[in-house]
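What follows is my_file-v2.pdb (PDB, C-alpha atoms).
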MODEL        1
ATOM      1  CA  MET A   1     -13.585  11.796 -10.910
ATOM      2  CA  LYS A   2     -14.774  12.128 -14.530
ATOM      3  CA  THR A   3     -11.155  12.376 -15.683
ATOM      4  CA  ILE A   4     -10.313   9.091 -13.946
ATOM      5  CA  PHE A   5     -13.052   7.189 -15.739
ATOM      6  CA  LEU A   6     -12.102   8.750 -19.084
ATOM      7  CA  ASN A   7      -8.522   7.664 -18.526
ATOM      8  CA  LEU A   8      -9.659   4.113 -17.896
ATOM      9  CA  LEU A   9     -11.312   4.092 -21.308
ATOM     10  CA  PHE A  10      -7.902   4.613 -22.882
ATOM     11  CA  LEU A  11      -6.007   2.025 -20.886
ATOM     12  CA  CYS A  12      -3.447   0.237 -22.976
ATOM     13  CA  LEU A  13      -2.559  -3.390 -22.395
ATOM     14  CA  ILE A  14       1.072  -3.909 -23.334
ATOM     15  CA  PRO A  15       3.646  -6.603 -22.598
ATOM     16  CA  HIS A  16       5.980  -6.163 -19.650
ATOM     17  CA  GLY A  17       8.380  -8.908 -18.704
ATOM     18  CA  SER A  18       7.929 -12.521 -19.601
ATOM     19  CA  ALA A  19       4.946 -13.470 -17.452
ATOM     20  CA  GLN A  20       2.696 -10.480 -17.182
ATOM     21  CA  ASN A  21       0.937  -7.537 -18.784
ATOM     22  CA  LEU A  22       1.036  -3.882 -17.911
ATOM     23  CA  ILE A  23      -2.049  -1.697 -17.768
ATOM     24  CA  CYS A  24      -1.154   1.962 -18.137
ATOM     25  CA  SER A  25      -2.939   4.870 -19.784
ATOM     26  CA  PRO A  26      -1.107   7.496 -21.854
ATOM     27  CA  GLN A  27      -2.083  10.011 -19.153
ATOM     28  CA  ASP A  28      -0.422   7.899 -16.471
ATOM     29  CA  ARG A  29       2.707   7.436 -18.574
ATOM     30  CA  GLU A  30       2.959  11.207 -18.879
ATOM     31  CA  ALA A  31       2.188  11.596 -15.172
ATOM     32  CA  PHE A  32       5.200   9.393 -14.431
ATOM     33  CA  ASN A  33       7.464  11.750 -16.388
ATOM     34  CA  THR A  34       6.035  14.735 -14.523
ATOM     35  CA  LYS A  35       6.494  13.008 -11.162
ATOM     36  CA  ILE A  36      10.132  12.195 -11.872
ATOM     37  CA  LYS A  37      10.798  15.871 -12.611
ATOM     38  CA  THR A  38       8.902  16.944  -9.479
ATOM     39  CA  ILE A  39      10.832  14.678  -7.114
ATOM     40  CA  SER A  40      14.263  15.087  -8.737
ATOM     41  CA  ASN A  41      15.476  17.618  -6.152
ATOM     42  CA  ILE A  42      14.375  15.671  -3.059
ATOM     43  CA  ASN A  43      17.204  14.985  -0.619
ATOM     44  CA  THR A  44      17.733  11.220  -0.550
ATOM     45  CA  GLU A  45      20.115  10.881   2.397
ATOM     46  CA  ASP A  46      17.362   9.516   4.652
ATOM     47  CA  ILE A  47      14.764   7.099   3.268
ATOM     48  CA  GLY A  48      12.116   8.178   5.810
ATOM     49  CA  THR A  49      12.404  11.841   4.898
ATOM     50  CA  THR A  50      12.354  10.841   1.238
ATOM     51  CA  MET A  51       9.145   8.835   1.743
ATOM     52  CA  VAL A  52       7.324  11.803   3.260
ATOM     53  CA  ALA A  53       8.639  14.277   0.675
ATOM     54  CA  VAL A  54       7.554  11.998  -2.184
ATOM     55  CA  GLY A  55       4.236  11.251  -0.473
ATOM     56  CA  LYS A  56       3.404  14.929  -0.127
ATOM     57  CA  THR A  57       3.745  15.423  -3.889
ATOM     58  CA  PHE A  58       0.581  13.273  -4.159
ATOM     59  CA  ILE A  59      -1.474  15.514  -1.837
ATOM     60  CA  GLY A  60      -4.839  16.252  -3.437
ATOM     61  CA  THR A  61      -4.813  13.120  -5.626
ATOM     62  CA  PRO A  62      -8.320  11.594  -5.457
ATOM     63  CA  TYR A  63      -9.012   8.512  -3.379
ATOM     64  CA  VAL A  64     -10.389   5.786  -5.667
ATOM     65  CA  ALA A  65     -11.074   2.234  -4.481
ATOM     66  CA  LYS A  66     -10.310  -0.964  -6.388
ATOM     67  CA  THR A  67      -8.042   0.588  -9.008
ATOM     68  CA  LEU A  68      -6.253  -2.761  -9.406
ATOM     69  CA  GLU A  69      -9.415  -4.740 -10.214
ATOM     70  CA  ILE A  70      -9.172  -4.204 -13.973
ATOM     71  CA  GLY A  71      -9.425  -6.621 -16.886
ATOM     72  CA  GLU A  72      -9.910 -10.358 -16.857
ATOM     73  CA  THR A  73      -6.464 -11.375 -15.609
ATOM     74  CA  GLU A  74      -4.079  -9.912 -13.049
ATOM     75  CA  SER A  75      -1.890  -7.197 -14.555
ATOM     76  CA  LEU A  76       0.562  -4.632 -13.231
ATOM     77  CA  VAL A  77      -1.729  -1.595 -13.008
ATOM     78  CA  ILE A  78      -0.240   1.903 -13.097
ATOM     79  CA  ASN A  79      -2.671   4.605 -11.978
ATOM     80  CA  PHE A  80      -1.562   8.011 -10.703
ATOM     81  CA  GLN A  81      -4.970   9.616 -11.288
ATOM     82  CA  GLY A  82      -6.632   7.862  -8.352
ATOM     83  CA  LEU A  83      -5.116   5.985  -5.403
ATOM     84  CA  ASP A  84      -6.378   3.826  -2.577
ATOM     85  CA  CYS A  85      -4.462   3.639   0.702
ATOM     86  CA  THR A  86      -2.332   0.672  -0.377
ATOM     87  CA  THR A  87      -1.490   1.830  -3.902
ATOM     88  CA  PHE A  88      -0.532   5.215  -2.429
ATOM     89  CA  VAL A  89       2.028   3.569  -0.125
ATOM     90  CA  GLU A  90       3.274   1.289  -2.908
ATOM     91  CA  ASN A  91       3.805   4.163  -5.347
ATOM     92  CA  VAL A  92       5.562   6.291  -2.737
ATOM     93  CA  LEU A  93       7.887   3.438  -1.787
ATOM     94  CA  ALA A  94       8.652   2.654  -5.441
ATOM     95  CA  PHE A  95       9.542   6.279  -6.249
ATOM     96  CA  SER A  96      11.581   6.574  -3.038
ATOM     97  CA  LEU A  97      13.591   3.476  -3.938
ATOM     98  CA  MET A  98      14.214   4.966  -7.379
ATOM     99  CA  LEU A  99      15.584   8.126  -5.791
ATOM    100  CA  GLN A 100      17.810   6.086  -3.489
ATOM    101  CA  ASN A 101      19.189   4.244  -6.535
ATOM    102  CA  ASN A 102      19.411   7.374  -8.708
ATOM    103  CA  GLU A 103      17.008   5.892 -11.255
ATOM    104  CA  LYS A 104      14.670   7.854 -13.511
ATOM    105  CA  ASP A 105      13.424   5.394 -16.153
ATOM    106  CA  PHE A 106       9.940   3.913 -16.355
ATOM    107  CA  ASP A 107      11.144   0.299 -16.460
ATOM    108  CA  SER A 108      12.895   0.717 -13.106
ATOM    109  CA  PHE A 109       9.670   2.015 -11.627
ATOM    110  CA  LEU A 110       7.782  -0.990 -12.994
ATOM    111  CA  ASP A 111      10.345  -3.364 -11.522
ATOM    112  CA  HIS A 112      10.144  -1.734  -8.088
ATOM    113  CA  LEU A 113       6.357  -1.700  -8.108
ATOM    114  CA  GLU A 114       6.103  -5.359  -9.092
ATOM    115  CA  THR A 115       8.614  -6.290  -6.410
ATOM    116  CA  ILE A 116       6.637  -4.426  -3.751
ATOM    117  CA  ARG A 117       3.137  -5.518  -4.776
ATOM    118  CA  TYR A 118       3.585  -9.251  -5.308
ATOM    119  CA  LYS A 119       4.683 -12.277  -3.295
ATOM    120  CA  ASN A 120       8.424 -12.695  -3.609
ATOM    121  CA  GLY A 121       8.412  -9.861  -6.130
ATOM    122  CA  GLU A 122       6.832 -11.766  -9.009
ATOM    123  CA  LEU A 123       3.426 -11.259 -10.624
ATOM    124  CA  ASN A 124       1.999 -14.735 -11.139
ATOM    125  CA  GLY A 125      -1.773 -14.370 -11.196
ATOM    126  CA  TYR A 126      -4.311 -12.785  -8.881
ATOM    127  CA  ALA A 127      -3.321 -14.771  -5.802
ATOM    128  CA  SER A 128       0.288 -13.602  -6.078
ATOM    129  CA  ARG A 129      -0.758 -10.072  -5.126
ATOM    130  CA  LEU A 130      -0.189  -9.293  -1.449
ATOM    131  CA  HIS A 131      -3.849  -8.698  -0.618
ATOM    132  CA  TYR A 132      -3.579  -8.783   3.191
ATOM    133  CA  PHE A 133      -1.392  -5.963   4.429
ATOM    134  CA  SER A 134       0.161  -7.875   7.334
ATOM    135  CA  GLU A 135       1.467 -10.303   4.701
ATOM    136  CA  TRP A 136       2.513  -7.317   2.557
ATOM    137  CA  ILE A 137       4.700  -6.172   5.465
ATOM    138  CA  ALA A 138       6.135  -9.633   6.167
ATOM    139  CA  ASN A 139       6.886 -10.387   2.518
ATOM    140  CA  ASN A 140       8.527  -7.027   1.880
ATOM    141  CA  GLU A 141      10.573  -7.490   5.040
ATOM    142  CA  HIS A 142      11.715 -10.842   3.625
ATOM    143  CA  LYS A 143      12.765  -9.011   0.440
ATOM    144  CA  GLY A 144      14.879  -6.629   2.528
ATOM    145  CA  LEU A 145      12.821  -3.548   1.648
ATOM    146  CA  LEU A 146      11.611  -2.764   5.160
ATOM    147  CA  LYS A 147      11.620  -3.914   8.785
ATOM    148  CA  ASP A 148       8.594  -4.605  10.965
ATOM    149  CA  MET A 149       9.289  -2.347  13.955
ATOM    150  CA  THR A 150       6.085  -3.045  15.883
ATOM    151  CA  SER A 151       7.600  -5.310  18.531
ATOM    152  CA  GLU A 152      10.448  -2.858  19.149
ATOM    153  CA  ILE A 153       8.086   0.030  19.890
ATOM    154  CA  GLY A 154       5.884  -1.754  22.414
ATOM    155  CA  GLY A 155       3.849  -4.105  20.256
ATOM    156  CA  VAL A 156       2.285  -7.276  21.606
ATOM    157  CA  GLU A 157       1.771 -10.577  19.810
ATOM    158  CA  SER A 158      -1.656 -11.179  18.346
ATOM    159  CA  SER A 159      -3.268 -13.863  16.215
ATOM    160  CA  LYS A 160      -6.644 -14.177  14.535
ATOM    161  CA  ALA A 161      -8.149 -16.076  11.644
ATOM    162  CA  ILE A 162      -7.635 -14.125   8.424
ATOM    163  CA  ASN A 163     -10.323 -15.130   5.935
ATOM    164  CA  PHE A 164     -12.226 -11.983   4.973
ATOM    165  CA  MET A 165     -11.724 -12.438   1.228
ATOM    166  CA  SER A 166     -12.917 -16.028   1.043
ATOM    167  CA  THR A 167     -15.876 -15.340   3.338
ATOM    168  CA  HIS A 168     -16.851 -12.267   1.297
ATOM    169  CA  ARG A 169     -16.241 -13.738  -2.137
ATOM    170  CA  GLU A 170     -18.911 -11.570  -3.720
ATOM    171  CA  LEU A 171     -16.857  -8.415  -3.057
ATOM    172  CA  TYR A 172     -13.940  -9.541  -5.210
ATOM    173  CA  PRO A 173     -14.634  -9.952  -8.951
ATOM    174  CA  PHE A 174     -11.545 -12.103  -9.540
ATOM    175  CA  LEU A 175     -12.780 -14.621  -6.967
ATOM    176  CA  LYS A 176     -15.578 -15.671  -9.311
ATOM    177  CA  ASP A 177     -12.850 -17.838 -10.782
ATOM    178  CA  ASP A 178     -12.666 -21.059  -8.724
ATOM    179  CA  GLU A 179      -8.899 -21.410  -9.140
ATOM    180  CA  ASN A 180      -8.304 -17.908  -7.787
ATOM    181  CA  TYR A 181     -10.686 -18.626  -4.922
ATOM    182  CA  LYS A 182      -8.872 -21.822  -3.936
ATOM    183  CA  LYS A 183      -5.477 -20.089  -4.049
ATOM    184  CA  ILE A 184      -6.726 -17.266  -1.827
ATOM    185  CA  GLN A 185      -8.077 -19.851   0.622
ATOM    186  CA  ALA A 186      -4.643 -21.493   0.654
ATOM    187  CA  SER A 187      -3.000 -18.140   1.394
ATOM    188  CA  GLU A 188      -5.423 -17.578   4.248
ATOM    189  CA  GLU A 189      -4.642 -21.010   5.697
ATOM    190  CA  PHE A 190      -0.956 -20.039   5.719
ATOM    191  CA  LEU A 191      -1.740 -16.734   7.434
ATOM    192  CA  LYS A 192      -3.607 -18.570  10.200
ATOM    193  CA  LEU A 193      -0.270 -20.004  11.279
ATOM    194  CA  GLN A 194       1.398 -16.594  11.468
ATOM    195  CA  SER A 195       1.183 -14.281  14.457
ATOM    196  CA  ILE A 196       1.697 -10.540  14.147
ATOM    197  CA  CYS A 197       2.648  -7.788  16.578
ATOM    198  CA  ILE A 198       0.229  -4.949  17.233
ATOM    199  CA  LEU A 199       0.844  -1.716  19.122
ATOM    200  CA  PRO A 200      -2.489  -1.343  20.976
ATOM    201  CA  GLN A 201      -4.374   1.872  20.391
ATOM    202  CA  ASP A 202      -4.108   2.978  24.018
ATOM    203  CA  GLN A 203      -0.300   2.639  23.836
ATOM    204  CA  ILE A 204       0.320   4.634  20.664
ATOM    205  CA  LYS A 205       0.713   8.076  22.213
ATOM    206  CA  ALA A 206       3.138   6.830  24.880
ATOM    207  CA  ASN A 207       5.303   5.193  22.204
ATOM    208  CA  GLU A 208       4.888   7.841  19.526
ATOM    209  CA  HIS A 209       8.457   9.078  20.036
ATOM    210  CA  LEU A 210       9.703   5.718  18.709
ATOM    211  CA  ILE A 211       7.860   6.147  15.400
ATOM    212  CA  GLN A 212       9.955   7.848  12.725
ATOM    213  CA  THR A 213       8.992  10.053   9.813
ATOM    214  CA  GLY A 214       8.521   7.812   6.799
ATOM    215  CA  ASP A 215       7.479   4.714   8.728
ATOM    216  CA  ILE A 216       4.610   2.824   7.127
ATOM    217  CA  ILE A 217       1.595   2.695   9.450
ATOM    218  CA  ALA A 218      -1.027  -0.059   9.130
ATOM    219  CA  LEU A 219      -4.284   0.170  11.104
ATOM    220  CA  THR A 220      -5.307  -3.096  12.742
ATOM    221  CA  THR A 221      -8.974  -3.911  13.233
ATOM    222  CA  SER A 222     -11.526  -5.846  15.227
ATOM    223  CA  ILE A 223     -13.437  -6.718  12.031
ATOM    224  CA  LYS A 224     -13.770 -10.483  11.793
ATOM    225  CA  GLY A 225     -11.416 -12.125   9.323
ATOM    226  CA  LEU A 226      -9.466  -8.960   8.532
ATOM    227  CA  ASP A 227      -6.011  -7.860   9.667
ATOM    228  CA  ILE A 228      -5.652  -4.288   8.367
ATOM    229  CA  THR A 229      -8.258  -1.767   7.227
ATOM    230  CA  HIS A 230      -6.087   1.197   6.228
ATOM    231  CA  THR A 231      -2.490   2.261   5.771
ATOM    232  CA  GLY A 232      -0.420   5.387   5.329
ATOM    233  CA  ILE A 233       2.918   7.011   6.125
ATOM    234  CA  ALA A 234       4.029   8.580   9.411
ATOM    235  CA  SER A 235       4.878  12.274   9.150
ATOM    236  CA  ARG A 236       6.184  14.321  12.064
ATOM    237  CA  GLU A 237       4.604  17.707  11.527
ATOM    238  CA  ALA A 238       5.292  21.228  12.873
ATOM    239  CA  ASP A 239       3.504  20.447  16.154
ATOM    240  CA  GLY A 240       6.131  17.782  16.856
ATOM    241  CA  ARG A 241       3.539  14.999  16.661
ATOM    242  CA  ILE A 242       3.234  12.063  14.285
ATOM    243  CA  HIS A 243       0.404  12.551  11.767
ATOM    244  CA  LEU A 244      -0.815  10.189   9.040
ATOM    245  CA  LEU A 245      -0.019  10.979   5.400
ATOM    246  CA  HIS A 246      -2.531   8.843   3.514
ATOM    247  CA  ALA A 247      -5.140   8.421   0.809
ATOM    248  CA  SER A 248      -8.098   9.276   3.025
ATOM    249  CA  THR A 249     -11.589   7.834   2.718
ATOM    250  CA  GLY A 250     -12.800  10.843   4.702
ATOM    251  CA  SER A 251     -11.649  13.688   2.471
ATOM    252  CA  MET A 252     -11.479  11.309  -0.535
ATOM    253  CA  GLU A 253      -7.979  12.480  -1.414
ATOM    254  CA  VAL A 254      -4.367  12.202  -0.306
ATOM    255  CA  GLU A 255      -3.804  14.377   2.753
ATOM    256  CA  VAL A 256      -1.995  14.702   6.074
ATOM    257  CA  SER A 257      -4.385  14.014   8.946
ATOM    258  CA  LYS A 258      -5.355  17.176  10.799
ATOM    259  CA  LEU A 259      -5.182  15.329  14.122
ATOM    260  CA  PRO A 260      -2.061  13.523  15.338
ATOM    261  CA  LEU A 261      -2.139   9.780  14.676
ATOM    262  CA  ALA A 262      -3.064   8.751  18.232
ATOM    263  CA  GLU A 263      -6.042  11.109  18.327
ATOM    264  CA  TYR A 264      -7.039  10.394  14.720
ATOM    265  CA  LEU A 265      -7.371   6.676  15.453
ATOM    266  CA  LYS A 266      -9.753   7.266  18.347
ATOM    267  CA  GLY A 267     -12.370   8.264  15.798
ATOM    268  CA  ILE A 268     -12.260   4.850  14.110
ATOM    269  CA  LYS A 269     -14.598   2.542  16.015
ATOM    270  CA  SER A 270     -13.160  -0.791  14.847
ATOM    271  CA  ASN A 271      -9.497   0.188  15.185
ATOM    272  CA  THR A 272      -7.452  -1.832  17.679
ATOM    273  CA  GLY A 273      -3.976  -0.428  17.102
ATOM    274  CA  ILE A 274      -1.239  -0.236  14.481
ATOM    275  CA  MET A 275       1.629  -2.071  12.865
ATOM    276  CA  VAL A 276       4.744  -0.052  12.042
ATOM    277  CA  ALA A 277       7.154  -0.924   9.214
ATOM    278  CA  ARG A 278      10.327   1.028   8.487
ATOM    279  CA  PRO A 279      11.676   1.280   4.907
ATOM    280  CA  LEU A 280      15.360   0.366   4.652
TER     281      LEU A 280
ENDMDL
END

This structure in C-alpha cells:
Amino acid sequence: MKTIFLNLLFLCLIPHGSAQNLICSPQDREAFNTKIKTISNINTEDIGTTMVAVGKTFIGTPYVAKTLEIGETESLVINFQGLDCTTFVENVLAFSLMLQNNEKDFDSFLDHLETIRYKNGELNGYASRLHYFSEWIANNEHKGLLKDMTSEIGGVESSKAINFMSTHRELYPFLKDDENYKKIQASEEFLKLQSICILPQDQIKANEHLIQTGDIIALTTSIKGLDITHTGIASREADGRIHLLHASTGSMEVEVSKLPLAEYLKGIKSNTGIMVARPL
C-alpha cells in the first residue's frame, strides 16, 4: 500500500489527445512495458480465453478504491499498482483488445482505455465517465465491444430509479462542482427510462452452463438507487464451474473466487443477481 501512495506523489500530468490530460506515473509507464512482455505469448484466437489469461496476470495486485478520483479535473488515469473492480475489468479488456489487434504501443492502450471508460469513447469531463456499470455495459455494446447476454441466459427485465450518486453527493469529490452535479443528475434521469435484464440469483446455477469463460459479470443489488455493486470476469476453473476473477474487497487483491460464482454470491446479502456481457 505504501508503494501505491508513493507512486501517486510522482504522478505526471501530460497532454494526451486534443481534449484531455493523462495521469500516469513513471512506475505505471514501466509497468505497461512489463505487462506487454508478459502477455505477448497469450493465444488470441478466442477473446474470452484471452480475457481470463490477461486477467490472471494481475492476480495479487492490491485492491484500491477511487483510483480515478485524482486531480481537479477528469483525466485519463493509468494505475496498475492498485485496481478497483471496474478498473480491473477495463484494463483487462483494453489489453485483450490490443492482443486481438496485434498492438503493443502505449498510445493504442490509451485509445482503447478511453474508448471503454467514457460515453461514446470520448473523455469530455467528469460526467462523460461511465459511472453506472449497467450504462457501461450498454454504451460499450453500442460501440460494438461487447454484447449484453443476460436476456439470452435466462435474464428477466428489471427497472429501478438509479440516483445513488446524486443522493450521496458527499461521497464523490467531483460532485462538489455544481455543473458536474447537474450533469450526473441528467444522466440519472436518462437511466430511469432504461430497463435492464437481470439473471436472478436463484437462477444462476441452473444457467451457469450458458456463461462462458471471459464473460464480464456485474453483480446487481437491492441497494436503493444503485444498479451494480461489483464486477469481474467469469473463469471456468478445474472443477468445471464458473468462478469470479476480480479485484476483491474481501482479500483486497485480484484473485479467483474460491467458491463458484453461484455459491460466492449467496454470501452477499444485498445481491439480487447478475448481468452478463460478452466481449466481441

(request) Run through the PyMOL selection byres ((chain A and resi 66) around 10) on the given coordinates and return the selected residues as an MDAnalysis selection string. (result) chainID A and resid 64:65 67:70 82:84 87 172

(message) Which residue is closest to Gly250 in chain A? Choose from A:Pro62, A:Pro173, A:Gly71, A:Pro279 and count only C-alpha atoms.
(response) A:Pro62

(message) Ranking A:Asn101, A:Ser166, A:Thr49, A:Ser195 by minimum distance to Tyr181 in chain A and counting only C-alpha atoms, which one comes first?
(response)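 Closest residue, counting only C-alpha atoms: A:Ser166.
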
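Residues captured in this structure file are A:Thr221, A:Ser222, A:Ile223, A:Ile268, A:Lys269, A:Asn271, A:Thr272, according to the PyMOL selection byres ((chain A and resi 270) around 8).
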
Store the residues picked out above, limited to C-alpha atoms, as a short mmCIF file (atom, residue, chain, number, x, y, z; two decimals), keeping the file's coordinate frame.
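This went into result_17.cif:
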data_model
loop_
_atom_site.label_atom_id
_atom_site.label_comp_id
_atom_site.auth_asym_id
_atom_site.auth_seq_id
_atom_site.Cartn_x
_atom_site.Cartn_y
_atom_site.Cartn_z
CA THR A 221 -8.97 -3.91 13.23
CA SER A 222 -11.53 -5.85 15.23
CA ILE A 223 -13.44 -6.72 12.03
CA ILE A 268 -12.26 4.85 14.11
CA LYS A 269 -14.60 2.54 16.02
CA ASN A 271 -9.50 0.19 15.18
CA THR A 272 -7.45 -1.83 17.68
#

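CA of Leu244 in chain A lies 5.8 Å from CA of Leu261 in chain A.
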